[in-house]
Each structure stands twice: as structure tokens, then as C-alpha cells.
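A short worksheet on the structure shown next.
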Amino acid sequence: MFKQITLENFRTHKLTTIELYPVTLLIGNNNSGKTNLLAGIQHFCNLVKRGHPDHDFRSVSAIGDLYPHKYRLAKNEEPMSFSILWNDEDGEINYKIEIYENEQFLNRACCKEKIIIKLANNKIPKEVDSGYNQPTNILELREKIQSDPCLDEKEKLICTLFFADFDNTFSYHFQPTFLKDIIKEGQHKDNDSNNDFEHLKIPADLGETGEKFQSILRYIKEKEQPIYSSFIAKMRTVDTSFIGVRYDPNRSSLIWEFDLGRKGNIEEFMPEVVSDGFMKIAAISLLASLKTPPALIMLEEIENGINPGNIQQLMNWIWQTTSINEYGFATTQFILTSHSPSVLREFYQHPDHVYTVRLDKRSRQSDVRNLNTALDTLVGIGAIKDDEVEYETEANTGKKIIKIPKYQLAELWYTGTIG
């Protein structure tokens with residue numbers, strides 16, 4: 001489970017650190033830097049994927065990997081970096097990668113990587129790094145881990161699990177028009193390919209805007225019945241009238257079927273007349289139903305296309321999707337972005353899971369602040385009355401959580417007191 005990320009000198013994020021929870025919300029106006037934060041996570045995730053020992057292209061490029069993304073007011077010698085903290089029942093991983101300019105190399109970029117491994121039953125952490133003693137433009141840490149004689153098999157295994165989770169991170173900005181796109185023949189046909197590999201490809205093949213959703217759902221219906229059954233079960237928690245989908249070759253389209261209470265009649269709908277919100281939930285449900293769902297799903301503007309009155313139902317469903325296993329870890333985590341108070345108020349019980357994002361126009365830096373900390377400050381200066389809030393202390397961390405009514409949280413956003 002991912003616990004914390006730090007992004008440095010990436011676009012508008014000079015230095016941003018956020019804690020990650022089963023569901024984390026970034027709320028702010030347009031052009032505040034919410035998208036840039038998700039883009040930073042995805043950018044470094046894609047870089048780390050290239051560091052797999054089997055990857056054909058493991059070098060970093062200033063033109064592709066550094067210059068377009070670096071914070072414009074950063075000094076030339078300052079690196080663009082990303083660090084992430086991850087743990088499971090067996091231990092903890094702290095990973096950091098830096099990309100910086102180096103004129104000694106043809107592509108003018110170098111990289112440093114470092115990983116700190118701490119097993120649950122061992123108080124002494126171990127560290128492996130790359131690019132610190134000798135400049136390199138090759139992402140070689142993963143290869144060094146596997147060949148390091150100082151690491152035992154458990155330490156190598158936990159590194160493998162961490163990289164598998166980080167590789168399985170995806171950012172989406174689902175658009176109704178693309179989610180409802182017609183099916184193109186030939187997509188996701190069974191070519192006797194490895195099914196496990198196909199499952200891993202689906203989150204990537206879905207596309208950032210969801211353009212291949214209908215085709216993938218057809219493939220799942222025809223080839224992966226257990227996944228399809230799980231998908232249907234999840235969707236029926238949203239709408240009990242939903243029956244399923246079938247493919248109509250004459251219209252090159254899935255037909256969405258509902259039982260609207262007329263005896264003996266199943267109502268059929270083309271994708272374009274199904275509500276935008278229902279289609280967006282269907283795409284999320286499909287991802288969550290995979291045998292290996294994404295470890296981290298990042299969703300932009302979660303409220304788009306959804307009636308404000310249905311936001312509560314959507315958020316309750318997302319909370320349920322991030323089920324906690326027997327060891328207390330979420331199987332799938334979400335980072336959501338929004339500028340809607342309707343989404344914000346659904347976190348009134350979890351203000352520490354929320355970060356407000358605004359752009360400082362003078363420095364062109366994104367200012368990212370934890371909502372729980374902001375509320376504590378407002379109570380301290382009297383902007384919020386003591387008798388209007390409740391305090392709760394987490395048993396395992398001792399952290400003080402401030403809880404205020406839903407309506408008041410939305411009002412603070414409307415008035416600009418927060419955000």
C-alpha cells in the first residue's frame with residue numbers, strides 16, 4: 001500500500017508531499033496543479049517501468065523525460081525528483097529517483113535511484129542505489145537489486161512486490177464520448193495469448209479517456225466469465241435493475257440491458273443513451289474486477305457527468321471498492337481530483353484524506369495543504385468555533401482528526417476560507 005509521495009521540481013510542484021490513503025482527494029480550482037500532481041506520479045511510474053531488466057530502452061532523455069516537465073523557475077543544477085513510501089505486511093520500501101542535466105552524456109540527462117528496504121522483523125534497513133558513485137543515464141536499480149549478494153530472498157521479493165504495484169499505477173480522465181465509443185473489430189480477440197498478461201494489459205489498453213472501454217468489456221464478457229460476473233455484481237450495487245451487456249454485430253455495439261419492472265421484458269439501450277455517470281462507474285467497476293486490479297487508480301474530475309445528488313452514492317461505492325485486507329492494507333487505492341463541494345463534503349469524516357491545491361501566481365508554484373491541518377489552524381484562530389467541531393484521536397497513530405458537518409465544510413469552500 002502506498003503511504004506517501006514527494007514530487008520535486010515537476011511542472012508547478014516545486015516541492016509537494018502528500019500522504020496517501022485508500023481514497024485521497026485533491027480539491028482545487030482549474031489550473032491549480034491537481035492534474036500536474038497526477039501527471040508527475042504517472043511520469044515517474046512510466047520511467048520506473050522502463051527500468052525493468054527486460055526492457056529494451058532503459059536510458060533517460062533530457063528532451064523526453066526532463067525538459068518538458070521540469071519546474072520552469074528551478075535552477076539548472078536542481079534535479080527533478082520523485083520519492084514514494086510503500087509498505088505491506090512484510091515490510092516497508094522507500095524509493096527515490098532523480099533526473100538531472102549532465103552535459104557529459106549525449107542526451108544530456110542522468111538519473112539517480114535509491115531504495116531503502118526494511119523488513120517487518122528486521123530493525124536494520126538495507127540500501128541499494130544507482131548513479132550516486134558514477135553518473136549514469138541508465139535506469140539500472142532493479143537489475144542491481146536482483147544481483148546484489150547483500151540482499152536475501154525476502155528483501156528481493158518485497159522489492160519485486162513494490163515495483164509490481166508501482167508499475168500497476170494508472171491515471172484516467174474518463175470522457176463519456178469515448179467511454180461510449182463504437183467497437184472496432186479485432187480489438188481484444190483471443191489469440192491464444194497468456195491470459196494473465198492480458199489482464200495486466202487491460203488497464204493500459206483502456207486508455208486515459210476510456211476510448212476502448214466497450215471493446216474491452218465485450219472481450220471480458222466473451223472470454224473471462226469470472227471477471228464479468230464480478231463486474232455485474234459490482235454494478236448491481238449501484239443499480240439493481242442492471243442485467244448486463246450483449247454484443248450486437250449488426251450495430252458493432254454492446255447493448256446495455258436493464259429490467260425496469262415490466263414483466264417478461266428486458267429493456268435494451270445503446271451506449272450513447274446510458275447516463276454518463278453510470279458509464280463512468282462501469283469503467284471503474286471493470287478495473288476493480290480484474291484478477292490483478294491496478295494498485296493505484298488516479299481519476300480526474302470525478303464529478304463530471306454525475307448528478308450532484310448521486311455523488312454520495314458514487315463516493316460510498318468507491319470507499320467500498322477500496323476493501324481492506326486482513327493485514328489492514330487496501331488492495332486498490334484511489335487519488336481523485338475535483339473542484340466540487342459536493343465531492344468535498346463526502347470527506348467530512350476524513351479531512352486528513354483531503355488536500356487543497358491552489359496556484360501561487362507570483363512563484364507559479366502549486367500550494368498543497370492538508371485539509372485537517374487547515375481546519376485545525378482555523379479553529380485555533382477562531383475562524384471556526386470550538387463548539388462547531390468534533391475531535392477524534394486515531395488509536396494507532398495518535399493523530400487528531402477534526403470533524404465538522406457536511407454543510408459547513410461545503411460552506412467553507414464556497415466562501416474561500418479553505419482552498
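We label chains A, B, ... in the order they appear in the C-alpha cells, count residues from 1 in each chain, and number ligands from 1 in the order shown.
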
(request) Considering only C-alpha atoms, return as a list in words whatever protein or nucleic-acid residues lie within 10 Å of A:Ser252, sequence-local ones (same chain, fewer than 6 positions apart) excluded. (result)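 In the requested form, the answer reads Ile182, Ile183, Lys184, Glu185 and Ser215 of chain A.
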
(request) Find the residues near A:Pro203: any atom within 9 Å, counting only C-alpha atoms, skip ones fewer than 2 places away on the same chain, and give them as a ChimeraX atom specification. (result) /A:168-170,199-201,205-207,287,293-294

File of the preceding selection, C-alpha atoms, as a PDB file, in the first residue's frame:
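Output below, filename out_36.pdb:
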ATOM      1  CA  ASN A 168       0.391  -1.106 -11.940  1.00  0.00           C
ATOM      2  CA  THR A 169      -0.477   2.594 -11.491  1.00  0.00           C
ATOM      3  CA  PHE A 170      -2.779   4.313 -13.969  1.00  0.00           C
ATOM      4  CA  HIS A 199      -5.289  -8.887 -17.558  1.00  0.00           C
ATOM      5  CA  LEU A 200      -2.229  -6.777 -16.876  1.00  0.00           C
ATOM      6  CA  LYS A 201      -2.609  -5.037 -20.246  1.00  0.00           C
ATOM      7  CA  ASP A 205      -5.336  -0.585 -23.125  1.00  0.00           C
ATOM      8  CA  LEU A 206      -8.398   1.120 -21.647  1.00  0.00           C
ATOM      9  CA  GLY A 207      -6.783   4.462 -22.471  1.00  0.00           C
ATOM     10  CA  LEU A 287     -10.867  -2.172 -13.399  1.00  0.00           C
ATOM     11  CA  PRO A 293      -6.632  -4.642 -10.403  1.00  0.00           C
ATOM     12  CA  PRO A 294      -4.488  -1.513 -10.550  1.00  0.00           C
TER      13      PRO A 294
END

Find the spatial neighbours of A:Arg236, counting only C-alpha atoms, within a cut-off of 12 Å - ignore same-chain residues fewer than 3 positions away - and output them as a compact mmCIF listing (two decimals) with N, CA and C atoms, in the first residue's frame.
# COMPACT_ATOMS: atom_id res chain seq x y z
N SER A 229 -18.65 -11.73 -14.21
CA SER A 229 -19.60 -11.94 -13.11
C SER A 229 -19.33 -10.98 -11.96
N SER A 230 -18.03 -10.78 -11.67
CA SER A 230 -17.66 -9.83 -10.62
C SER A 230 -18.07 -8.41 -11.00
N PHE A 231 -17.87 -8.07 -12.26
CA PHE A 231 -18.27 -6.75 -12.77
C PHE A 231 -19.78 -6.53 -12.60
N ILE A 232 -20.57 -7.52 -12.99
CA ILE A 232 -22.03 -7.41 -12.88
C ILE A 232 -22.44 -7.24 -11.42
N ALA A 233 -21.82 -8.01 -10.52
CA ALA A 233 -22.16 -7.91 -9.09
C ALA A 233 -21.88 -6.51 -8.55
N ASP A 239 -27.03 -0.10 -9.35
CA ASP A 239 -28.37 -0.11 -9.93
C ASP A 239 -28.84 -1.56 -10.03
N THR A 240 -29.80 -1.94 -9.19
CA THR A 240 -30.27 -3.33 -9.14
C THR A 240 -31.00 -3.74 -10.42
N SER A 241 -31.39 -2.78 -11.25
CA SER A 241 -32.11 -3.12 -12.48
C SER A 241 -31.16 -3.52 -13.61
N PHE A 242 -29.86 -3.32 -13.42
CA PHE A 242 -28.90 -3.63 -14.48
C PHE A 242 -28.76 -5.14 -14.64
N ILE A 243 -28.93 -5.64 -15.87
CA ILE A 243 -28.86 -7.06 -16.17
C ILE A 243 -27.48 -7.44 -16.71
N GLY A 244 -26.97 -6.66 -17.66
CA GLY A 244 -25.68 -6.99 -18.26
C GLY A 244 -25.58 -6.39 -19.65
N PHE A 258 -31.44 -3.71 -19.09
CA PHE A 258 -31.98 -3.38 -17.78
C PHE A 258 -33.36 -4.02 -17.62
N ASP A 259 -33.68 -4.42 -16.40
CA ASP A 259 -35.03 -4.88 -16.05
C ASP A 259 -35.72 -3.73 -15.32
N PHE A 278 -23.27 6.56 -14.99
CA PHE A 278 -23.33 5.11 -14.94
C PHE A 278 -22.18 4.49 -15.74
N ILE A 281 -18.91 4.84 -13.78
CA ILE A 281 -18.85 3.84 -12.71
C ILE A 281 -18.57 2.46 -13.29
N ALA A 282 -19.13 2.16 -14.46
CA ALA A 282 -18.90 0.87 -15.10
C ALA A 282 -17.42 0.68 -15.44
N SER A 285 -15.65 -0.03 -12.25
CA SER A 285 -16.01 -1.38 -11.80
C SER A 285 -15.23 -2.44 -12.55
N TRP A 317 -19.61 3.99 -2.98
CA TRP A 317 -19.21 2.83 -3.77
C TRP A 317 -17.69 2.76 -3.89

(request) Could you jot down the atom CA of A:Asn325 to atom CA of A:Asn94 separation for me, Å, one decimal place? (result) 21.9 Å

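Candidate residues A:Ile5, A:Leu25, A:Ser253, A:Glu267 were compared for distance to A:His339, and the nearest is A:Leu25, using only C-alpha atoms.
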
(message) Here is a test: counting only C-alpha atoms, which residue of A:Arg358, A:His353, A:Arg218, A:His52 is nearest to A:Ile18?
(response)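 Using only C-alpha atoms, the shortest distance to A:Ile18 belongs to A:His353.
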
(message) Report as JSON, numbers by chain all protein, DNA and RNA residues lying within 7 Å of A:Asn9, evaluated on only C-alpha atoms, omitting residues in the same chain fewer than 6 positions from it.
(response) {"A": [15, 70, 71, 74, 80, 81]}

(request) Could you pull out the residues in stretch 69-268 of chain A that DSSP calls strand (DSSP E or B) from the backbone, as a ChimeraX atom specification? (result) /A:70,80-88,91-101,109-119,126-130,138,169-172,242-248,253-258,267-268

(request) Give me the residues within 12 Å of A:Leu20 as a list of chain:residue names, counting only C-alpha atoms and dropping any in the same chain fewer than 4 places off. (result)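 So, after excluding close chain neighbours, the residues are A:Met1, A:Phe2, A:Lys3, A:Gln4, A:Ile5, A:Thr6, A:Thr24, A:Leu25, A:Leu26, A:Ile84, A:Leu85, A:Trp86, A:Asn87, A:Leu296, A:Ile297, A:Met298, A:Phe329, A:Ala330, A:Thr332, A:Gln333, A:Phe334, A:Ile335, A:Leu336, A:Asp352, A:His353, A:Val354, A:Tyr355, A:Asn370.
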
(request) Identify, on the basis of only C-alpha atoms, every residue whose closest approach to A:Glu303 does not exceed 12 Å; exclude the query and any residue fewer than 4 positions from it along the same chain; express the result as an MDAnalysis selection string. (result) chainID A and resid 25 27 173:175 276:278 280:281 299 307:315 336:344 346

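Considering the residues A:Leu141, A:Ile418, A:Ile124, A:Ala288 and counting only C-alpha atoms, A:Thr160 has its shortest atom-to-atom contact with A:Leu141.
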
(message) Please list as a PyMOL selection string every residue within 9 Å of stretch 379-390 of chain A, counting only C-alpha atoms and excluding residues in the same chain fewer than 6 positions away.
(response) chain A and resi 401-405+417

(request) Could you tell me, as a ChimeraX atom specification, which residues of stretch 224-309 of chain A DSSP assigns to helix (DSSP H, G or I) when given the backbone? (result) /A:225-236,271-273,276-289,308-309

How about saving the chosen residues, C-alpha atoms kept, as a PDB file, in the first residue's frame?
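Saved the output as out_8.pdb:
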ATOM      1  CA  GLN A 225     -16.665 -15.050 -17.355  1.00  0.00           C
ATOM      2  CA  PRO A 226     -15.448 -14.874 -13.702  1.00  0.00           C
ATOM      3  CA  ILE A 227     -14.305 -11.272 -14.203  1.00  0.00           C
ATOM      4  CA  TYR A 228     -17.558 -10.434 -15.971  1.00  0.00           C
ATOM      5  CA  SER A 229     -19.604 -11.937 -13.115  1.00  0.00           C
ATOM      6  CA  SER A 230     -17.662  -9.830 -10.617  1.00  0.00           C
ATOM      7  CA  PHE A 231     -18.274  -6.746 -12.770  1.00  0.00           C
ATOM      8  CA  ILE A 232     -22.025  -7.412 -12.877  1.00  0.00           C
ATOM      9  CA  ALA A 233     -22.158  -7.912  -9.087  1.00  0.00           C
ATOM     10  CA  LYS A 234     -20.410  -4.582  -8.501  1.00  0.00           C
ATOM     11  CA  MET A 235     -22.683  -2.759 -10.933  1.00  0.00           C
ATOM     12  CA  ARG A 236     -25.823  -4.135  -9.298  1.00  0.00           C
ATOM     13  CA  PRO A 271     -24.312   3.084 -25.037  1.00  0.00           C
ATOM     14  CA  GLU A 272     -24.976   6.675 -26.108  1.00  0.00           C
ATOM     15  CA  VAL A 273     -28.266   6.821 -24.159  1.00  0.00           C
ATOM     16  CA  ASP A 276     -22.579   9.430 -18.313  1.00  0.00           C
ATOM     17  CA  GLY A 277     -22.241   8.736 -14.603  1.00  0.00           C
ATOM     18  CA  PHE A 278     -23.327   5.106 -14.936  1.00  0.00           C
ATOM     19  CA  MET A 279     -20.797   4.557 -17.723  1.00  0.00           C
ATOM     20  CA  LYS A 280     -18.009   6.112 -15.659  1.00  0.00           C
ATOM     21  CA  ILE A 281     -18.847   3.841 -12.707  1.00  0.00           C
ATOM     22  CA  ALA A 282     -18.896   0.868 -15.098  1.00  0.00           C
ATOM     23  CA  ALA A 283     -15.348   1.633 -16.255  1.00  0.00           C
ATOM     24  CA  ILE A 284     -14.131   1.841 -12.637  1.00  0.00           C
ATOM     25  CA  SER A 285     -16.008  -1.379 -11.798  1.00  0.00           C
ATOM     26  CA  LEU A 286     -14.314  -3.207 -14.639  1.00  0.00           C
ATOM     27  CA  LEU A 287     -10.867  -2.172 -13.399  1.00  0.00           C
ATOM     28  CA  ALA A 288     -11.747  -3.231  -9.858  1.00  0.00           C
ATOM     29  CA  SER A 289     -12.998  -6.630 -11.089  1.00  0.00           C
ATOM     30  CA  PRO A 308     -24.702  16.163  -7.732  1.00  0.00           C
ATOM     31  CA  GLY A 309     -27.405  14.218  -5.930  1.00  0.00           C
TER      32      GLY A 309
END

(request) Would you work out the distance separating atom CA of A:Pro22 from atom CA of A:Thr237, expressed in Å to one decimal? (result) 19.8 Å
